[in-house]
Amino acid sequence: YTNPDNGCVSTVTASIKVDSNPNPVISDDQEICAGEEVTLHVDGGENYLWSPAETLSNKKTTNPVAKPTETTTYKVALINGVCLVEEEVTVFVNPLPVLSANVDSKNTVILSTESGTGPFQYSIDGGTYSSQESYTGVKGGNHMAYVVDTKGCEGKAPFYLEYLDVIPPIFFTPNGDGENDTWEVENLDMYPEADVYIYDRYGKLITRYKGAEPGWDGTYRGKDQPSTDYWFIIKI
């Protein structure tokens, strides 16, 4: 530069740093069930600042863990010196299905679901899942019903079944008229693994079947048996 007072020319050397803009790489939008958490990711900057920070494990990291209670869009500022670039990612929070398990007078379990995203799949005590909403033949005692929706979100509900007495009929009429044609023990379907043994008056085993199977039709090896007294044993 030139000094205006004396006309002298001077030279000054200065170093200027030019910061490059951040080149952001950020995770895709995420989807979780209520109560879950998810790890977010961003890269391409020297420093980071996430917001809102209330539901993040760390607002200044590249991989914060997010646990929002509702669908939330997170913004992150990538900072290189004086250069700043902003990006955002949304975490969608799906509600949990709310399961109800109701038991009727015959110990039939009826499941129903509120909230969540149908169609739903159900299970009793962690068994095979299906769309079945009504269950019979579940043993007495404490149980747990489960539901999972199409988003993979789960719900559960405890229920209790009374132990029902089995009530054997004192007679049946296997004459093919469609009424009382088989010897059906009332409430035996509540005990699908029960064993039923029927003997004739001389102690010969006539038939044996499980509680989940149809009752005795009055035959032995395909032949009708005489009208007389028979004895039975039921092992629950």
# chains A, B, ... in the order shown; residues from 1 in each chain; ligands from 1
>>> residues_around(residues="range 122-138 of chain A", least_positions_apart="3", cutoff="6 Å", atoms="only C-alpha atoms", output="list in words")
Thr108, Val109, Ile110, Leu111, Met144, Ala145, Tyr146, Val147, Asp189 and Met190 of chain A
>>> residues_around(residues="Phe172 in chain A", least_positions_apart="4", cutoff="9 Å", atoms="only C-alpha atoms", output="list in words")
Glu179, Asn180, Asp181, Thr182, Trp183, Glu184 and Gly218 of chain A
>>> write_last_selection(atoms="all heavy atoms", output="compact mmCIF listing (two decimals), in the first residue's frame")
# COMPACT_ATOMS: atom_id res chain seq x y z
N GLU A 179 -78.47 -86.78 17.27
CA GLU A 179 -78.53 -86.29 18.63
C GLU A 179 -77.91 -87.31 19.58
O GLU A 179 -78.29 -88.48 19.56
CB GLU A 179 -79.99 -86.03 19.05
CG GLU A 179 -80.66 -84.92 18.23
CD GLU A 179 -82.06 -84.63 18.74
OE1 GLU A 179 -82.44 -85.17 19.80
OE2 GLU A 179 -82.77 -83.86 18.08
N ASN A 180 -76.94 -86.85 20.38
CA ASN A 180 -76.25 -87.72 21.36
C ASN A 180 -75.66 -88.97 20.72
O ASN A 180 -75.65 -90.04 21.32
CB ASN A 180 -77.22 -88.13 22.49
CG ASN A 180 -77.70 -86.95 23.31
OD1 ASN A 180 -76.94 -86.02 23.57
ND2 ASN A 180 -78.97 -86.98 23.67
N ASP A 181 -75.16 -88.80 19.49
CA ASP A 181 -74.61 -89.97 18.80
C ASP A 181 -73.22 -90.35 19.29
O ASP A 181 -72.73 -91.44 18.98
CB ASP A 181 -74.56 -89.70 17.29
CG ASP A 181 -75.93 -89.84 16.64
OD1 ASP A 181 -76.76 -90.58 17.18
OD2 ASP A 181 -76.15 -89.22 15.59
N THR A 182 -72.56 -89.45 20.00
CA THR A 182 -71.25 -89.76 20.56
C THR A 182 -71.24 -89.40 22.04
O THR A 182 -72.02 -88.56 22.50
CB THR A 182 -70.13 -88.97 19.85
OG1 THR A 182 -70.41 -87.57 19.92
CG2 THR A 182 -70.00 -89.39 18.39
N TRP A 183 -70.36 -90.08 22.76
CA TRP A 183 -70.22 -89.85 24.21
C TRP A 183 -69.24 -88.70 24.39
O TRP A 183 -68.03 -88.88 24.27
CB TRP A 183 -69.74 -91.13 24.88
CG TRP A 183 -69.77 -91.09 26.38
CD1 TRP A 183 -70.88 -91.14 27.18
CD2 TRP A 183 -68.64 -91.02 27.26
NE1 TRP A 183 -70.52 -91.09 28.51
CE2 TRP A 183 -69.15 -91.02 28.59
CE3 TRP A 183 -67.27 -90.96 27.06
CZ2 TRP A 183 -68.32 -90.97 29.70
CZ3 TRP A 183 -66.44 -90.90 28.18
CH2 TRP A 183 -66.96 -90.90 29.48
N GLU A 184 -69.77 -87.48 24.62
CA GLU A 184 -68.95 -86.27 24.71
C GLU A 184 -68.91 -85.80 26.16
O GLU A 184 -69.95 -85.50 26.76
CB GLU A 184 -69.52 -85.17 23.82
CG GLU A 184 -69.60 -85.50 22.34
CD GLU A 184 -68.24 -85.52 21.67
OE1 GLU A 184 -67.25 -85.09 22.30
OE2 GLU A 184 -68.17 -85.96 20.51
N GLY A 218 -69.52 -95.37 20.12
CA GLY A 218 -70.24 -96.59 20.47
C GLY A 218 -69.83 -97.83 19.69
O GLY A 218 -70.54 -98.85 19.72
>>> atom_distance(atom1="CA of Gly152 in chain A", atom2="CA of Glu114 in chain A")
15.1 Å
>>> residues_around(residues="Tyr220 in chain A", least_positions_apart="2", cutoff="6 Å", atoms="only C-alpha atoms", output="mmCIF file with N, CA, C and O atoms, in the first residue's frame")
data_model
loop_
_atom_site.group_PDB
_atom_site.id
_atom_site.type_symbol
_atom_site.label_atom_id
_atom_site.label_comp_id
_atom_site.auth_asym_id
_atom_site.auth_seq_id
_atom_site.Cartn_x
_atom_site.Cartn_y
_atom_site.Cartn_z
ATOM 1 N N ILE A 206 -61.994 -100.665 25.184
ATOM 2 C CA ILE A 206 -62.776 -100.493 23.959
ATOM 3 C C ILE A 206 -62.192 -99.394 23.083
ATOM 4 O O ILE A 206 -62.070 -99.537 21.872
ATOM 5 N N GLY A 222 -64.978 -100.816 14.531
ATOM 6 C CA GLY A 222 -65.965 -100.596 13.477
ATOM 7 C C GLY A 222 -67.305 -101.267 13.696
ATOM 8 O O GLY A 222 -68.218 -101.107 12.869
ATOM 9 N N LYS A 223 -67.460 -102.004 14.786
ATOM 10 C CA LYS A 223 -68.723 -102.708 15.038
ATOM 11 C C LYS A 223 -69.467 -102.054 16.201
ATOM 12 O O LYS A 223 -68.867 -101.689 17.209
#
>>> closest_residue(among="A:Lys67, A:Lys204, A:Lys75, A:Lys59", to="Phe232 in chain A", atoms="only C-alpha atoms")
A:Lys204
>>> closest_residue(among="A:Glu36, A:Glu46, A:Glu31, A:Asp104", to="Leu78 in chain A", atoms="only C-alpha atoms")
A:Glu46
>>> select_by_dssp(residues="range 56-229 of chain A", states="strand (DSSP E)", output="count of residues only")
72
>>> atom_distance(atom1="CA of Leu40 in chain A", atom2="CA of Pro22 in chain A")
18.0 Å
>>> residues_around(residues="Glu186 in chain A", least_positions_apart="5", cutoff="7 Å", atoms="only C-alpha atoms", output="count of residues only")
3
>>> residues_around(residues="Arg208 in chain A", least_positions_apart="6", cutoff="8 Å", atoms="only C-alpha atoms", output="ChimeraX atom specification")
/A:195-198
